[in-house]
file run26.csv (CSV, C-alpha atoms (C1' of nucleotides))
chain,number,residue,atom,x,y,z
A,1,MET,CA,-4.3,30.6,-5.8
A,2,GLU,CA,-7.9,29.6,-6.5
A,3,LEU,CA,-8.6,25.9,-6.0
A,4,TYR,CA,-11.9,24.3,-7.2
A,5,VAL,CA,-11.4,25.7,-10.7
A,6,ARG,CA,-13.3,24.5,-13.7
A,7,ASN,CA,-12.4,26.8,-16.6
A,8,THR,CA,-9.6,25.6,-18.9
A,9,THR,CA,-7.6,28.8,-19.0
A,10,GLU,CA,-7.8,29.3,-15.3
A,11,LEU,CA,-6.6,25.7,-14.9
A,12,ALA,CA,-3.7,26.3,-17.3
A,13,ASN,CA,-2.7,29.4,-15.3
A,14,LEU,CA,-3.0,27.5,-12.0
A,15,LEU,CA,-0.7,24.8,-13.3
A,16,ARG,CA,1.9,27.4,-14.4
A,17,ASP,CA,1.7,29.1,-11.0
A,18,TYR,CA,2.8,25.8,-9.6
A,19,GLY,CA,5.6,25.5,-12.1
A,20,ILE,CA,3.9,22.8,-14.2
A,21,THR,CA,3.8,23.1,-18.0
A,22,ALA,CA,0.1,23.1,-19.0
A,23,THR,CA,-0.8,20.4,-21.5
A,24,LEU,CA,-4.1,19.1,-22.6
A,25,GLN,CA,-3.9,15.9,-20.5
A,26,ARG,CA,-2.7,17.7,-17.4
A,27,VAL,CA,-5.5,20.3,-17.6
A,28,GLU,CA,-8.0,17.5,-18.1
A,29,ILE,CA,-6.8,15.7,-15.0
A,30,ALA,CA,-6.5,18.9,-12.9
A,31,GLY,CA,-10.1,19.8,-14.0
A,32,ILE,CA,-11.4,16.6,-12.6
A,33,LEU,CA,-9.5,16.4,-9.3
A,34,LEU,CA,-9.7,20.1,-8.4
A,35,SER,CA,-13.4,20.5,-9.2
A,36,LYS,CA,-14.3,19.9,-5.5
A,37,LYS,CA,-13.3,18.4,-2.2
A,38,GLN,CA,-12.8,14.7,-2.9
A,39,HIS,CA,-10.4,11.8,-2.6
A,40,LEU,CA,-9.7,10.0,-5.9
A,41,SER,CA,-7.4,7.1,-6.6
A,42,ALA,CA,-5.4,7.0,-9.8
A,43,GLU,CA,-7.8,4.5,-11.3
A,44,GLN,CA,-10.8,6.6,-10.4
A,45,VAL,CA,-9.2,9.6,-12.2
A,46,MET,CA,-8.5,7.3,-15.1
A,47,GLY,CA,-12.1,6.3,-15.3
A,48,LYS,CA,-13.5,9.9,-15.0
A,49,VAL,CA,-11.0,11.4,-17.5
A,50,ASN,CA,-11.8,8.8,-20.1
A,51,GLN,CA,-15.6,8.7,-20.0
A,52,GLY,CA,-16.4,6.9,-23.2
A,53,ARG,CA,-13.6,8.4,-25.3
A,54,SER,CA,-10.0,7.7,-24.5
A,55,ILE,CA,-8.0,10.9,-23.9
A,56,VAL,CA,-5.3,10.1,-21.4
A,57,SER,CA,-3.3,7.0,-21.0
A,58,LYS,CA,-2.7,5.1,-17.8
A,59,ALA,CA,1.0,6.0,-17.6
A,60,THR,CA,0.1,9.7,-18.0
A,61,VAL,CA,-2.5,9.6,-15.3
A,62,TYR,CA,-0.1,8.1,-12.8
A,63,ASN,CA,2.8,10.3,-13.9
A,64,THR,CA,0.7,13.4,-13.7
A,65,LEU,CA,-0.7,12.8,-10.3
A,66,ARG,CA,2.8,12.1,-9.0
A,67,LEU,CA,4.0,15.4,-10.6
A,68,PHE,CA,1.0,17.4,-9.2
A,69,ALA,CA,1.8,16.0,-5.7
A,70,LYS,CA,5.6,16.8,-6.0
A,71,LYS,CA,4.8,20.3,-7.1
A,72,GLY,CA,2.4,20.8,-4.2
A,73,LEU,CA,-0.8,21.2,-6.2
A,74,VAL,CA,-2.4,18.1,-4.8
A,75,LYS,CA,-1.9,15.9,-1.8
A,76,GLU,CA,-1.3,12.2,-1.5
A,77,VAL,CA,-3.3,10.5,1.2
A,78,ILE,CA,-1.7,7.3,2.5
A,79,ALA,CA,-4.4,5.6,4.6
A,80,ASP,CA,-5.7,2.7,2.5
A,81,PRO,CA,-2.9,0.1,2.3
A,82,THR,CA,-3.9,-0.9,-1.2
A,83,LYS,CA,-3.8,2.4,-3.0
A,84,ILE,CA,-2.9,6.1,-2.9
A,85,PHE,CA,-5.7,8.7,-2.9
A,86,TYR,CA,-5.2,12.2,-4.2
A,87,GLU,CA,-7.0,15.3,-3.1
A,88,PRO,CA,-7.0,19.1,-3.7
A,89,LYS,CA,-4.6,20.7,-1.3
A,90,THR,CA,-6.8,22.8,0.9
A,91,GLU,CA,-6.4,24.2,4.5
A,92,SER,CA,-4.9,21.9,7.0
A,93,HIS,CA,-7.2,18.9,7.6
A,94,HIS,CA,-6.9,15.3,8.3
A,95,HIS,CA,-8.8,12.1,7.7
A,96,PHE,CA,-11.1,9.5,9.1
A,97,TYR,CA,-10.4,6.2,7.4
A,98,ASN,CA,-13.2,3.6,7.5
A,99,VAL,CA,-11.4,0.3,7.8
A,100,ASP,CA,-14.5,-1.6,6.7
A,101,THR,CA,-15.4,0.3,3.6
A,102,GLY,CA,-12.1,2.1,2.7
A,103,GLU,CA,-14.0,5.4,2.7
A,104,LEU,CA,-12.1,8.6,3.5
A,105,THR,CA,-13.7,11.7,5.2
A,106,ASP,CA,-12.1,14.9,6.3
A,107,PHE,CA,-12.0,16.6,9.6
A,108,ASN,CA,-10.6,20.0,10.2
A,109,ALA,CA,-7.5,20.5,12.4
A,110,ASP,CA,-8.6,23.3,14.7
A,111,LEU,CA,-5.6,22.6,16.8
A,112,LYS,CA,-2.4,22.8,14.7
A,113,MET,CA,-0.8,19.4,14.8
A,114,THR,CA,2.6,21.0,14.2
A,115,ASP,CA,2.3,22.6,17.6
A,116,ILE,CA,2.5,19.3,19.4
A,117,ILE,CA,4.9,17.3,17.3
A,118,PRO,CA,8.5,16.7,18.2
A,119,ASP,CA,11.5,18.0,16.2
A,120,ALA,CA,12.5,16.1,13.1
A,121,PRO,CA,15.6,13.9,13.4
A,122,LYS,CA,18.9,15.8,12.8
A,123,GLY,CA,19.4,17.0,9.3
A,124,MET,CA,15.8,16.1,8.4
A,125,MET,CA,13.1,18.5,7.5
A,126,VAL,CA,9.4,18.0,8.2
A,127,LYS,CA,7.5,17.7,5.0
A,128,GLY,CA,4.1,17.3,6.6
A,129,VAL,CA,2.1,15.8,9.3
A,130,ASP,CA,-0.7,13.3,8.6
A,131,VAL,CA,-3.2,12.2,11.1
A,132,THR,CA,-5.4,9.3,10.3
A,133,ILE,CA,-8.2,8.2,12.6
A,134,ARG,CA,-9.2,4.7,11.8
A,135,VAL,CA,-12.9,4.1,12.4
A,136,GLY,CA,-15.2,1.1,11.9
A,137,ALA,CA,-18.5,-0.3,12.8
A,138,ALA,CA,-19.0,0.1,16.5
B,1,MET,CA,1.5,-9.3,28.9
B,2,GLU,CA,5.2,-9.3,28.4
B,3,LEU,CA,6.3,-8.1,24.9
B,4,TYR,CA,9.9,-8.6,23.6
B,5,VAL,CA,9.7,-12.3,24.4
B,6,ARG,CA,12.2,-14.9,23.0
B,7,ASN,CA,11.4,-18.1,24.8
B,8,THR,CA,9.2,-20.6,22.9
B,9,THR,CA,6.8,-21.5,25.8
B,10,GLU,CA,6.4,-17.9,26.8
B,11,LEU,CA,5.6,-17.0,23.2
B,12,ALA,CA,3.1,-19.8,23.0
B,13,ASN,CA,1.4,-18.5,26.1
B,14,LEU,CA,1.4,-15.0,24.8
B,15,LEU,CA,-0.3,-16.1,21.7
B,16,ARG,CA,-3.0,-17.9,23.7
B,17,ASP,CA,-3.5,-14.8,25.8
B,18,TYR,CA,-4.4,-13.0,22.6
B,19,GLY,CA,-6.8,-15.8,21.5
B,20,ILE,CA,-4.4,-17.2,18.9
B,21,THR,CA,-3.8,-21.0,18.7
B,22,ALA,CA,-0.1,-21.5,19.0
B,23,THR,CA,1.5,-23.4,16.1
B,24,LEU,CA,5.1,-23.9,15.2
B,25,GLN,CA,4.9,-21.3,12.4
B,26,ARG,CA,3.1,-18.7,14.4
B,27,VAL,CA,5.6,-19.0,17.3
B,28,GLU,CA,8.5,-18.6,14.9
B,29,ILE,CA,7.0,-15.4,13.4
B,30,ALA,CA,6.1,-14.0,16.8
B,31,GLY,CA,9.6,-14.7,18.0
B,32,ILE,CA,11.1,-12.6,15.2
B,33,LEU,CA,8.7,-9.7,15.3
B,34,LEU,CA,8.4,-9.4,19.1
B,35,SER,CA,12.1,-9.7,19.9
B,36,LYS,CA,12.6,-6.0,19.9
B,37,LYS,CA,11.3,-2.6,18.8
B,38,GLN,CA,11.3,-2.7,15.0
B,39,HIS,CA,9.2,-2.3,11.9
B,40,LEU,CA,9.3,-5.3,9.5
B,41,SER,CA,7.5,-5.8,6.2
B,42,ALA,CA,6.0,-9.2,5.4
B,43,GLU,CA,8.9,-9.9,3.0
B,44,GLN,CA,11.4,-9.0,5.7
B,45,VAL,CA,9.7,-11.4,8.2
B,46,MET,CA,9.7,-14.0,5.4
B,47,GLY,CA,13.5,-13.6,4.9
B,48,LYS,CA,14.3,-13.7,8.6
B,49,VAL,CA,12.1,-16.7,9.4
B,50,ASN,CA,13.6,-18.8,6.6
B,51,GLN,CA,17.3,-18.1,7.1
B,52,GLY,CA,18.7,-20.8,4.9
B,53,ARG,CA,16.2,-23.6,5.7
B,54,SER,CA,12.5,-23.1,4.6
B,55,ILE,CA,10.2,-23.3,7.5
B,56,VAL,CA,7.2,-21.0,6.8
B,57,SER,CA,5.5,-20.4,3.5
B,58,LYS,CA,4.8,-17.0,2.0
B,59,ALA,CA,1.0,-17.5,2.4
B,60,THR,CA,1.4,-18.3,6.1
B,61,VAL,CA,3.6,-15.3,6.8
B,62,TYR,CA,1.0,-13.0,5.2
B,63,ASN,CA,-1.9,-14.7,6.9
B,64,THR,CA,-0.2,-14.8,10.3
B,65,LEU,CA,0.8,-11.2,10.3
B,66,ARG,CA,-2.8,-10.3,9.4
B,67,LEU,CA,-4.1,-12.5,12.1
B,68,PHE,CA,-1.7,-11.0,14.7
B,69,ALA,CA,-2.8,-7.5,13.7
B,70,LYS,CA,-6.5,-8.5,13.9
B,71,LYS,CA,-6.0,-10.0,17.4
B,72,GLY,CA,-4.2,-6.9,18.6
B,73,LEU,CA,-0.8,-8.5,19.2
B,74,VAL,CA,1.0,-6.5,16.6
B,75,LYS,CA,0.2,-3.2,14.8
B,76,GLU,CA,0.1,-2.4,11.1
B,77,VAL,CA,1.9,0.7,10.1
B,78,ILE,CA,0.5,2.4,7.0
B,79,ALA,CA,3.0,5.0,5.9
B,80,ASP,CA,5.0,3.6,3.0
B,81,PRO,CA,2.6,3.5,0.1
B,82,THR,CA,4.1,0.3,-1.3
B,83,LYS,CA,3.9,-2.0,1.7
B,84,ILE,CA,2.6,-2.6,5.2
B,85,PHE,CA,5.0,-2.7,8.1
B,86,TYR,CA,4.3,-4.6,11.3
B,87,GLU,CA,5.6,-3.7,14.8
B,88,PRO,CA,5.1,-5.0,18.3
B,89,LYS,CA,2.2,-3.2,20.0
B,90,THR,CA,3.9,-1.0,22.6
B,91,GLU,CA,2.8,2.1,24.4
B,92,SER,CA,1.3,4.9,22.3
B,93,HIS,CA,3.8,6.2,19.9
B,94,HIS,CA,3.9,7.4,16.3
B,95,HIS,CA,6.2,7.5,13.4
B,96,PHE,CA,8.6,9.6,11.4
B,97,TYR,CA,8.6,8.4,7.8
B,98,ASN,CA,11.6,9.2,5.7
B,99,VAL,CA,10.1,9.8,2.2
B,100,ASP,CA,13.6,9.5,0.6
B,101,THR,CA,14.6,6.2,2.1
B,102,GLY,CA,11.3,4.7,3.3
B,103,GLU,CA,12.8,4.4,6.8
B,104,LEU,CA,10.5,4.4,9.8
B,105,THR,CA,11.4,5.7,13.3
B,106,ASP,CA,9.3,6.1,16.4
B,107,PHE,CA,8.5,9.1,18.5
B,108,ASN,CA,6.6,9.0,21.8
B,109,ALA,CA,3.3,10.7,22.1
B,110,ASP,CA,3.7,12.6,25.4
B,111,LEU,CA,0.5,14.4,24.6
B,112,LYS,CA,-2.4,11.9,24.0
B,113,MET,CA,-3.6,12.4,20.5
B,114,THR,CA,-7.0,11.1,21.5
B,115,ASP,CA,-7.4,14.3,23.6
B,116,ILE,CA,-7.3,16.5,20.6
B,117,ILE,CA,-9.2,14.5,18.0
B,118,PRO,CA,-12.8,15.0,17.1
B,119,ASP,CA,-15.6,12.5,17.7
B,120,ALA,CA,-16.0,9.7,15.2
B,121,PRO,CA,-18.8,9.9,12.6
B,122,LYS,CA,-22.2,8.7,13.9
B,123,GLY,CA,-22.3,4.9,14.5
B,124,MET,CA,-18.6,4.7,14.0
B,125,MET,CA,-16.1,3.7,16.6
B,126,VAL,CA,-12.5,5.0,16.8
B,127,LYS,CA,-10.1,2.0,16.3
B,128,GLY,CA,-7.0,4.1,16.5
B,129,VAL,CA,-5.1,7.3,15.7
B,130,ASP,CA,-2.0,7.2,13.6
B,131,VAL,CA,0.2,10.2,13.3
B,132,THR,CA,2.8,10.1,10.6
B,133,ILE,CA,5.4,12.9,10.2
B,134,ARG,CA,6.9,12.8,6.8
B,135,VAL,CA,10.5,13.9,6.8
B,136,GLY,CA,13.2,14.2,4.2
B,137,ALA,CA,16.5,15.7,3.3
B,138,ALA,CA,16.5,19.4,4.3
C,1,DT,C1',14.5,22.7,-41.9
C,2,DA,C1',17.1,20.4,-38.5
C,3,DT,C1',17.9,19.8,-33.6
C,4,DT,C1',16.8,19.7,-29.0
C,5,DT,C1',13.9,19.1,-25.2
C,6,DG,C1',9.7,17.7,-23.0
C,7,DT,C1',5.5,14.9,-23.0
C,8,DT,C1',2.6,11.0,-24.0
C,9,DT,C1',1.8,6.3,-25.1
C,10,DA,C1',1.1,1.0,-25.3
C,11,DG,C1',2.3,-2.6,-23.4
C,12,DA,C1',5.6,-5.3,-20.7
C,13,DC,C1',6.9,-5.7,-16.3
C,14,DT,C1',7.5,-5.6,-10.9
C,15,DG,C1',6.3,-6.3,-6.3
C,16,DT,C1',2.9,-6.8,-2.7
C,17,DC,C1',-0.6,-9.2,-1.5
C,18,DT,C1',-4.6,-12.7,-2.0
C,19,DC,C1',-6.9,-16.8,-3.3
C,20,DT,C1',-7.6,-21.7,-4.3
C,21,DA,C1',-7.6,-26.3,-3.6
C,22,DA,C1',-5.0,-29.9,-1.8
C,23,DA,C1',-2.1,-31.7,1.9
C,24,DT,C1',-1.1,-31.8,6.7
C,25,DA,C1',-1.7,-31.4,11.6
C,26,DG,C1',-4.3,-31.2,15.7
C,27,DA,C1',-8.3,-32.0,18.4
C,28,DT,C1',-12.4,-34.7,19.5
C,29,DA,C1',-15.4,-38.7,19.5
C,30,DT,C1',-16.0,-43.7,19.4
D,1,DA,C1',-5.8,-46.6,19.4
D,2,DT,C1',-8.8,-45.4,15.2
D,3,DA,C1',-11.9,-42.8,12.8
D,4,DT,C1',-13.8,-38.3,12.1
D,5,DC,C1',-13.9,-33.5,12.1
D,6,DT,C1',-11.8,-28.9,12.2
D,7,DA,C1',-8.0,-25.8,11.8
D,8,DT,C1',-3.7,-24.7,9.7
D,9,DT,C1',-0.2,-24.7,6.2
D,10,DT,C1',1.2,-25.0,1.5
D,11,DA,C1',2.6,-24.2,-3.6
D,12,DG,C1',1.4,-22.0,-7.1
D,13,DA,C1',-1.7,-19.2,-9.7
D,14,DG,C1',-3.8,-14.9,-9.9
D,15,DA,C1',-5.2,-10.0,-8.9
D,16,DC,C1',-4.0,-5.4,-8.8
D,17,DA,C1',-1.6,-0.9,-8.2
D,18,DG,C1',1.9,1.1,-9.8
D,19,DT,C1',6.5,1.6,-12.7
D,20,DC,C1',9.5,1.2,-16.7
D,21,DT,C1',10.9,1.2,-21.5
D,22,DA,C1',11.5,2.7,-25.9
D,23,DA,C1',9.1,4.7,-29.5
D,24,DA,C1',6.1,8.3,-31.2
D,25,DC,C1',4.7,12.8,-30.9
D,26,DA,C1',4.7,17.8,-29.8
D,27,DA,C1',6.7,22.2,-29.0
D,28,DA,C1',10.3,25.3,-28.9
D,29,DT,C1',14.7,26.8,-30.6
D,30,DA,C1',18.9,27.1,-33.6

call {"tool": "encode", "arguments": {"input": "run26.csv", "output": "structure tokens"}}
result
Amino acid sequence: MELYVRNTTELANLLRDYGITATLQRVEIAGILLSKKQHLSAEQVMGKVNQGRSIVSKATVYNTLRLFAKKGLVKEVIADPTKIFYEPKTESHHHFYNVDTGELTDFNADLKMTDIIPDAPKGMMVKGVDVTIRVGAA
Amino acid sequence: MELYVRNTTELANLLRDYGITATLQRVEIAGILLSKKQHLSAEQVMGKVNQGRSIVSKATVYNTLRLFAKKGLVKEVIADPTKIFYEPKTESHHHFYNVDTGELTDFNADLKMTDIIPDAPKGMMVKGVDVTIRVGAA
DNA sequence: TATTTGTTTAGACTGTCTCTAAATAGATAT
DNA sequence: ATATCTATTTAGAGACAGTCTAAACAAATA
């Protein structure tokens, strides 16, 4: 599964690999978000996908990002209390969150966080571990 | 600094210890949130503080919780993408977040997370480390 | 061609949270 | 005490991310 894809057919195949029907709008959105390591909010995707022309509606942007996250193609980052960020799902990494600017930056998890976390409550399954390091002006 | 305080004068003193001017409204809110280990949203605090009668306005609830967090008396929990939760600031612990129900539960950090995290970016200071374990129906 | 199923859409709507400008309360000076 | 200044609270308007609805559209199948 190749991330950071640009080509339309490759993108369509990638979507199918994740069980997502490829449509024009979905390919457009995937093309933007998966082009490189980045964290984009729904409104940022909205802006980039509709540069000038209007291709994808707001509802579709929100629905599509949610769908991508549910299918495991992208990851939601919950760190900014005002909005969700989306990022390509790459190797295990976590985030610095700058509380002054709202900026997100990655750091690699050399030590697997899963090694040090407790078991999930009975009947529950661990869906993921998110580590956020809040940073700010010293 | 005694958390889980109920008594009004103790609460007022606690607020002063944290550099917060004690007012009727602030003491009411502190009394609710600091009474025990719990995670409350602003709207939940709003509901509890105004049982029947109306004592504290919405604006004051939001402003006060933000003030408490800034002064270090309570902690903001960013895990639910739709709202902020507030909790008494106790020993280092982290959270299970049930993605199906939105429920938060604590787990103790026997291993200090600060031991395994990388340095903050240049000129930045680490304000805190939050670990959220997303769980859901198996 | 008709039917079914899935996707997209504009725009209304919701819920959390913030802002504003006025009223109130508390503290300080005279 | 009384006047003055500063901090706090307030109702209500407003901002903004995100969701919902019901209709239009597209694609696949009968």

call {"tool": "atom_distance", "arguments": {"input": "run26.csv", "atom1": "atom CA of Asn13 of chain A", "atom2": "atom CA of Thr90 of chain A"}}
result
18.0 Å

call {"tool": "interface_residues", "arguments": {"input": "run26.csv", "of": "chain A", "to": "chain D", "cutoff": "9 Å", "atoms": "only C-alpha atoms (C1' of nucleotides)", "output": "PyMOL selection string"}}
result
chain A and resi 42-43+59+62+82-84

call {"tool": "interface_residues", "arguments": {"input": "run26.csv", "of": "chain C", "to": "chain A", "cutoff": "12 Å", "atoms": "only C-alpha atoms (C1' of nucleotides)", "output": "list of chain:residue names"}}
result
C:DG6, C:DT7, C:DT8, C:DT9, C:DA10, C:DG11, C:DT16, C:DC17, C:DT18

call {"tool": "write_last_selection", "arguments": {"input": "run26.csv", "atoms": "C-alpha atoms (C1' of nucleotides)", "output": "short mmCIF file (atom, residue, chain, number, x, y, z; two decimals), keeping the file's coordinate frame"}}
result
data_model
loop_
_atom_site.label_atom_id
_atom_site.label_comp_id
_atom_site.auth_asym_id
_atom_site.auth_seq_id
_atom_site.Cartn_x
_atom_site.Cartn_y
_atom_site.Cartn_z
"C1'" DG C 6 9.70 17.70 -23.00
"C1'" DT C 7 5.50 14.90 -23.00
"C1'" DT C 8 2.60 11.00 -24.00
"C1'" DT C 9 1.80 6.30 -25.10
"C1'" DA C 10 1.10 1.00 -25.30
"C1'" DG C 11 2.30 -2.60 -23.40
"C1'" DT C 16 2.90 -6.80 -2.70
"C1'" DC C 17 -0.60 -9.20 -1.50
"C1'" DT C 18 -4.60 -12.70 -2.00
#

call {"tool": "interface_residues", "arguments": {"input": "run26.csv", "of": "chain B", "to": "chain A", "cutoff": "8 Å", "atoms": "all atoms listed in the file", "output": "list in words"}}
result
Ile78, Ala79, Asp80, Pro81, Thr82, Lys83, Ile84, Phe96, Phe107, Leu111, Ile116, Pro118, Ala120, Gly123, Met124, Met125, Val126, Lys127, Gly128, Val129, Asp130, Val131, Thr132, Ile133, Arg134, Val135, Gly136, Ala137 and Ala138 of chain B

call {"tool": "atom_distance", "arguments": {"input": "run26.csv", "atom1": "atom CA of Ala12 of chain A", "atom2": "atom CA of His93 of chain A"}}
result
26.2 Å

call {"tool": "atom_distance", "arguments": {"input": "run26.csv", "atom1": "atom CA of Val27 of chain A", "atom2": "atom CA of Leu15 of chain A"}}
result
7.9 Å

call {"tool": "calpha_fit_and_write", "arguments": {"input": "run26.csv", "fixed": "chain A", "moving": "chain B", "output": "short mmCIF file (atom, residue, chain, number, x, y, z; two decimals) with C-alpha atoms, keeping the file's coordinate frame"}}
result
data_model
loop_
_atom_site.label_atom_id
_atom_site.label_comp_id
_atom_site.auth_asym_id
_atom_site.auth_seq_id
_atom_site.Cartn_x
_atom_site.Cartn_y
_atom_site.Cartn_z
CA MET B 1 -4.30 30.57 -5.90
CA GLU B 2 -7.86 29.64 -6.50
CA LEU B 3 -8.60 25.88 -5.98
CA TYR B 4 -11.89 24.26 -7.17
CA VAL B 5 -11.36 25.67 -10.65
CA ARG B 6 -13.30 24.42 -13.76
CA ASN B 7 -12.37 26.80 -16.52
CA THR B 8 -9.64 25.61 -18.93
CA THR B 9 -7.58 28.88 -19.05
CA GLU B 10 -7.77 29.32 -15.32
CA LEU B 11 -6.59 25.75 -14.84
CA ALA B 12 -3.76 26.30 -17.26
CA ASN B 13 -2.68 29.33 -15.30
CA LEU B 14 -2.93 27.49 -12.06
CA LEU B 15 -0.69 24.84 -13.34
CA ARG B 16 1.90 27.41 -14.43
CA ASP B 17 1.72 29.03 -11.02
CA TYR B 18 2.84 25.71 -9.59
CA GLY B 19 5.69 25.37 -12.15
CA ILE B 20 3.87 22.77 -14.24
CA THR B 21 3.77 23.11 -18.07
CA ALA B 22 0.16 23.05 -19.05
CA THR B 23 -0.78 20.32 -21.56
CA LEU B 24 -4.13 19.09 -22.69
CA GLN B 25 -3.86 15.95 -20.52
CA ARG B 26 -2.69 17.70 -17.43
CA VAL B 27 -5.51 20.29 -17.66
CA GLU B 28 -8.07 17.53 -18.03
CA ILE B 29 -6.78 15.72 -14.90
CA ALA B 30 -6.54 18.93 -12.91
CA GLY B 31 -10.07 19.80 -13.92
CA ILE B 32 -11.40 16.54 -12.48
CA LEU B 33 -9.41 16.45 -9.28
CA LEU B 34 -9.69 20.16 -8.40
CA SER B 35 -13.40 20.55 -9.10
CA LYS B 36 -14.34 19.89 -5.55
CA LYS B 37 -13.33 18.42 -2.19
CA GLN B 38 -12.78 14.71 -2.84
CA HIS B 39 -10.33 11.86 -2.60
CA LEU B 40 -9.73 9.99 -5.90
CA SER B 41 -7.43 7.05 -6.61
CA ALA B 42 -5.43 7.00 -9.84
CA GLU B 43 -7.86 4.41 -11.29
CA GLN B 44 -10.80 6.61 -10.37
CA VAL B 45 -9.19 9.66 -12.12
CA MET B 46 -8.48 7.33 -15.07
CA GLY B 47 -12.19 6.32 -15.29
CA LYS B 48 -13.49 9.87 -14.97
CA VAL B 49 -11.07 11.40 -17.48
CA ASN B 50 -11.89 8.82 -20.15
CA GLN B 51 -15.69 8.75 -19.92
CA GLY B 52 -16.42 6.87 -23.08
CA ARG B 53 -13.74 8.41 -25.35
CA SER B 54 -10.01 7.69 -24.49
CA ILE B 55 -8.13 10.84 -23.94
CA VAL B 56 -5.37 10.14 -21.36
CA SER B 57 -3.31 7.02 -21.01
CA LYS B 58 -2.82 5.08 -17.80
CA ALA B 59 0.92 6.01 -17.69
CA THR B 60 0.10 9.71 -18.00
CA VAL B 61 -2.53 9.65 -15.27
CA TYR B 62 -0.03 8.02 -12.88
CA ASN B 63 2.79 10.31 -13.88
CA THR B 64 0.66 13.45 -13.73
CA LEU B 65 -0.77 12.75 -10.35
CA ARG B 66 2.79 12.15 -9.09
CA LEU B 67 3.95 15.31 -10.66
CA PHE B 68 1.05 17.32 -9.16
CA ALA B 69 1.84 15.91 -5.72
CA LYS B 70 5.57 16.71 -6.14
CA LYS B 71 4.77 20.32 -7.18
CA GLY B 72 2.46 20.78 -4.23
CA LEU B 73 -0.77 21.22 -6.19
CA VAL B 74 -2.42 18.13 -4.86
CA LYS B 75 -1.79 15.93 -1.78
CA GLU B 76 -1.27 12.19 -1.52
CA VAL B 77 -3.27 10.49 1.12
CA ILE B 78 -1.67 7.34 2.53
CA ALA B 79 -4.29 5.54 4.56
CA ASP B 80 -5.68 2.69 2.49
CA PRO B 81 -2.90 0.15 2.31
CA THR B 82 -3.79 -0.88 -1.24
CA LYS B 83 -3.73 2.46 -3.03
CA ILE B 84 -2.87 6.14 -2.92
CA PHE B 85 -5.62 8.71 -2.94
CA TYR B 86 -5.15 12.23 -4.24
CA GLU B 87 -7.03 15.36 -3.04
CA PRO B 88 -6.87 19.06 -3.73
CA LYS B 89 -4.48 20.78 -1.31
CA THR B 90 -6.79 22.77 0.98
CA GLU B 91 -6.34 24.16 4.43
CA SER B 92 -4.91 21.83 7.08
CA HIS B 93 -7.19 18.97 7.65
CA HIS B 94 -6.93 15.23 8.29
CA HIS B 95 -8.79 12.10 7.64
CA PHE B 96 -11.13 9.51 9.06
CA TYR B 97 -10.47 6.18 7.37
CA ASN B 98 -13.23 3.64 7.42
CA VAL B 99 -11.33 0.29 7.71
CA ASP B 100 -14.51 -1.65 6.69
CA THR B 101 -15.30 0.24 3.53
CA GLY B 102 -12.04 2.05 2.71
CA GLU B 103 -13.97 5.35 2.71
CA LEU B 104 -12.13 8.56 3.47
CA THR B 105 -13.67 11.67 5.12
CA ASP B 106 -12.09 14.89 6.26
CA PHE B 107 -11.96 16.56 9.62
CA ASN B 108 -10.55 20.04 10.27
CA ALA B 109 -7.56 20.45 12.45
CA ASP B 110 -8.65 23.33 14.73
CA LEU B 111 -5.61 22.63 16.83
CA LYS B 112 -2.37 22.80 14.71
CA MET B 113 -0.76 19.43 14.86
CA THR B 114 2.60 21.03 14.22
CA ASP B 115 2.31 22.62 17.71
CA ILE B 116 2.36 19.31 19.42
CA ILE B 117 4.84 17.32 17.35
CA PRO B 118 8.44 16.78 18.23
CA ASP B 119 11.41 18.11 16.26
CA ALA B 120 12.50 16.17 13.22
CA PRO B 121 15.59 13.92 13.44
CA LYS B 122 18.89 15.80 12.93
CA GLY B 123 19.37 17.01 9.31
CA MET B 124 15.83 16.11 8.52
CA MET B 125 13.13 18.52 7.56
CA VAL B 126 9.41 18.08 8.35
CA LYS B 127 7.49 17.79 5.00
CA GLY B 128 4.16 17.27 6.64
CA VAL B 129 2.01 15.74 9.39
CA ASP B 130 -0.73 13.33 8.54
CA VAL B 131 -3.21 12.28 11.12
CA THR B 132 -5.38 9.34 10.26
CA ILE B 133 -8.22 8.19 12.58
CA ARG B 134 -9.20 4.69 11.77
CA VAL B 135 -12.87 4.08 12.34
CA GLY B 136 -15.20 1.16 11.87
CA ALA B 137 -18.50 -0.36 12.74
CA ALA B 138 -19.09 0.02 16.51
#

call {"tool": "residues_around", "arguments": {"input": "run26.csv", "residues": "Asn7 of chain A", "least_positions_apart": "3", "cutoff": "8 Å", "atoms": "all atoms listed in the file", "output": "list in words"}}
result
Glu10, Leu11 and Gly31 of chain A
